[in-house]
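Notes for the one structure printed next.
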Amino acid sequence: MARSRRAPPRLAEVKRADRITPNMLRVTFGGDALTGFPVDAASANIKLLLPHDQQDEAAYIASLQGEGEKPVKRTYTVVEYRSDSNELDIDFALHEHSGPATQFALNAEPGDKVGIAGPSAPKLVDTDADWFLIAGDMTALPAIEANLKQLPQDAIGHVVLEVQHDDDRRAFTLSERVNVQWLINPEPQSGNSKLADIVMALPWLDGTPAIWVAGEASTVRELRSYFAKARQVDRLHRYTSGYWQIGRDEDEFQMVKRQDTDLTN
Ligand SMILES: Cc1cc2nc3c(=O)[nH]c(=O)nc-3n(C[C@H](O)[C@H](O)[C@H](O)COP(=O)(O)OP(=O)(O)OC[C@H]3O[C@@H](n4cnc5c(N)ncnc54)[C@H](O)[C@@H]3O)c2cc1C
């Protein structure tokens, strides 16, 4: 029996894959099914719907239409959709113990087809805030870049970014009063990230902040607690989201997330 679902996924086609920095692979998708994708979705997330190991194409295509076993689902961020060329960019942070999404990106060849569901609403900070605190690791870099692009020219605040290698850093055009710190961690899966410590040591500024933090779940959990309890930041002014978890693939992580309000509040 067909499963119920919201909008049906689009069957997108790989146009190209470019290694934009040592540990970031940008896959550009196209194909007729992408026509009409929202142009203002930078920072929103999509679900990549991937085939199971050894699944034949017919069974995979049927799964995208709601028949049989559900496809493997992984969450990624819209970098940009260009309606003139009908192209959608997604950036894949490469990591050890890579799962099906990373493997898909590493092996992507022009013409490969994949299901894409979404996008969600964009994940952007409120630009009317008095100051900004934005932090995350490479999985959050696409959404953080979209956020930085929309900050006011006279914005004040802090940005802390954890990347695996010096050359994974990106250049941003930003107000001089936004202080950007890069943290290099070649082994994000080792549990030795200093991101939370660095963020908690930042000077706290006056007025209402807009907080945006995403990355490994235990780092985000520590920061969520710091903003809520130590800094009394109202939920309306903070987005703190675990994007992945050490030792758990996304299926397990999403299941735990649904049961553990500490990972979502
Ligand atoms: C809202 C949202 C937006 C996201 N946007 C992006 C994005 O734009 N780009 C992006 O790269 N990721 C993004 N992620 C994170 C991405 O969904 C996860 O990293 C996902 O687990 C990768 O799938 P996989 O199949 O490669 O690995 P999985 O099969 O899920 O996991 C396999 C193993 O890899 C480990 N692992 C997963 N991610 C990492 C990592 N980054 N570093 C080290 N080890 C890891 C897991 O702990 C597990 O042990 C986003 C997540 C969310 C919730």
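Labeling convention for the structure tokens: chains A, B, ... as they appear, residues from 1 per chain, ligands from 1 in order of appearance.
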
Chain A near ligand 1 within 8 Å: what's each residue's closest atom pair and its distance in Å to one decimal, counting only C-alpha atoms and all ligand atoms, ordered by chain then ascending residue number, as a tab-separated table?
```
residue	atom	partner	partner_atom_place_in_ligand_line	distance
A:Met24	CA	ligand 1	11 (O)	7.6
A:Ala44	CA	ligand 1	1 (C)	7.5
A:Asn45	CA	ligand 1	1 (C)	5.4
A:Ile46	CA	ligand 1	3 (C)	7.6
A:Arg74	CA	ligand 1	17 (O)	5.1
A:Thr75	CA	ligand 1	17 (O)	4.1
A:Tyr76	CA	ligand 1	5 (N)	3.5
A:Thr77	CA	ligand 1	8 (O)	3.7
A:Val78	CA	ligand 1	8 (O)	6.7
A:Val79	CA	ligand 1	8 (O)	7.4
A:Ile90	CA	ligand 1	8 (O)	6.2
A:Asp91	CA	ligand 1	9 (N)	5.2
A:Phe92	CA	ligand 1	11 (O)	3.8
A:Ala93	CA	ligand 1	11 (O)	3.6
A:Leu94	CA	ligand 1	11 (O)	6.6
A:His95	CA	ligand 1	43 (C)	4.7
A:Glu96	CA	ligand 1	44 (N)	6.0
A:His97	CA	ligand 1	34 (O)	4.8
A:Ser98	CA	ligand 1	26 (O)	4.6
A:Gly99	CA	ligand 1	25 (O)	3.4
A:Pro100	CA	ligand 1	25 (O)	3.9
A:Ala101	CA	ligand 1	25 (O)	3.7
A:Thr102	CA	ligand 1	26 (O)	3.9
A:Gln103	CA	ligand 1	26 (O)	6.6
A:Asp137	CA	ligand 1	41 (N)	7.8
A:Met138	CA	ligand 1	11 (O)	6.5
A:Thr139	CA	ligand 1	10 (C)	3.8
A:Ala140	CA	ligand 1	5 (N)	5.9
A:Leu141	CA	ligand 1	8 (O)	7.1
A:Pro142	CA	ligand 1	8 (O)	5.5
A:Ala143	CA	ligand 1	8 (O)	6.9
A:Glu187	CA	ligand 1	43 (C)	7.3
A:Pro188	CA	ligand 1	43 (C)	5.2
A:Gln189	CA	ligand 1	43 (C)	4.5
A:Gly215	CA	ligand 1	15 (C)	7.7
A:Glu216	CA	ligand 1	41 (N)	7.5
A:Ser241	CA	ligand 1	53 (C)	7.2
A:Gly242	CA	ligand 1	53 (C)	6.3
A:Tyr243	CA	ligand 1	51 (C)	3.8
A:Trp244	CA	ligand 1	18 (C)	4.9
A:Gln245	CA	ligand 1	47 (O)	4.8
A:Ile246	CA	ligand 1	47 (O)	3.8
A:Gly247	CA	ligand 1	49 (O)	4.1
A:Arg248	CA	ligand 1	47 (O)	4.3
A:Asp249	CA	ligand 1	31 (O)	3.5
A:Glu250	CA	ligand 1	30 (O)	3.7
A:Asp251	CA	ligand 1	30 (O)	6.7
A:Phe253	CA	ligand 1	30 (O)	8.0
```

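The environment of Val160 of chain A within 7 Å, counting only C-alpha atoms and disregarding residues fewer than 2 places along the same chain, consists of Ile134, Ala135, Gly136, His158, Glu162, Val180, Gln181 and Trp182 of chain A.
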
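Of note, atom CA of Glu87 of chain A and atom CA of Gly30 of chain A are spaced 4.9 Å apart.
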
Sorted per-residue table, segment 153-247 of chain A near segment 117-124 of chain A, closest atoms and distance, 12 Å, only C-alpha atoms, as a Markdown table:
```
| residue | atom | partner | partner_atom | distance |
| --- | --- | --- | --- | --- |
| A:Ala210 | CA | A:Leu124 | CA | 9.7 |
| A:Ile211 | CA | A:Leu124 | CA | 10.0 |
| A:Trp212 | CA | A:Leu124 | CA | 8.1 |
| A:Val213 | CA | A:Lys123 | CA | 10.7 |
| A:Ala214 | CA | A:Lys123 | CA | 10.7 |
| A:His237 | CA | A:Leu124 | CA | 11.1 |
| A:Arg238 | CA | A:Leu124 | CA | 10.5 |
| A:Tyr239 | CA | A:Lys123 | CA | 8.2 |
| A:Thr240 | CA | A:Lys123 | CA | 10.5 |
| A:Ser241 | CA | A:Lys123 | CA | 10.4 |
```

Work out how far atom CA of Phe227 of chain A is from atom CA of Ser175 of chain A, in Å to one decimal.
->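 Atom CA of Phe227 of chain A lies 24.0 Å from atom CA of Ser175 of chain A.
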
I need the helix (DSSP H, G or I) residues of segment 38-83 of chain A per DSSP on the backbone, written as a PDB file with N, CA and C atoms, in the first residue's frame.
```pdb
ATOM      1  N   GLU A  57      17.074  -0.416  -9.496  1.00  0.00           N
ATOM      2  CA  GLU A  57      16.571   0.916  -9.792  1.00  0.00           C
ATOM      3  C   GLU A  57      15.049   0.986  -9.718  1.00  0.00           C
ATOM      4  N   ALA A  58      14.392  -0.062 -10.216  1.00  0.00           N
ATOM      5  CA  ALA A  58      12.919  -0.042 -10.234  1.00  0.00           C
ATOM      6  C   ALA A  58      12.374   0.027  -8.801  1.00  0.00           C
ATOM      7  N   ALA A  59      12.976  -0.763  -7.903  1.00  0.00           N
ATOM      8  CA  ALA A  59      12.509  -0.771  -6.505  1.00  0.00           C
ATOM      9  C   ALA A  59      12.803   0.579  -5.849  1.00  0.00           C
ATOM     10  N   TYR A  60      13.953   1.159  -6.194  1.00  0.00           N
ATOM     11  CA  TYR A  60      14.296   2.483  -5.632  1.00  0.00           C
ATOM     12  C   TYR A  60      13.309   3.552  -6.107  1.00  0.00           C
ATOM     13  N   ILE A  61      13.058   3.597  -7.406  1.00  0.00           N
ATOM     14  CA  ILE A  61      12.125   4.600  -7.951  1.00  0.00           C
ATOM     15  C   ILE A  61      10.738   4.407  -7.328  1.00  0.00           C
ATOM     16  N   ALA A  62      10.328   3.146  -7.155  1.00  0.00           N
ATOM     17  CA  ALA A  62       9.018   2.878  -6.531  1.00  0.00           C
ATOM     18  C   ALA A  62       9.019   3.390  -5.085  1.00  0.00           C
ATOM     19  N   SER A  63      10.161   3.230  -4.389  1.00  0.00           N
ATOM     20  CA  SER A  63      10.226   3.679  -2.982  1.00  0.00           C
ATOM     21  C   SER A  63      10.046   5.196  -2.890  1.00  0.00           C
ATOM     22  N   LEU A  64      10.513   5.920  -3.913  1.00  0.00           N
ATOM     23  CA  LEU A  64      10.332   7.384  -3.912  1.00  0.00           C
ATOM     24  C   LEU A  64       8.863   7.757  -4.111  1.00  0.00           C
TER      25      LEU A  64
END
```
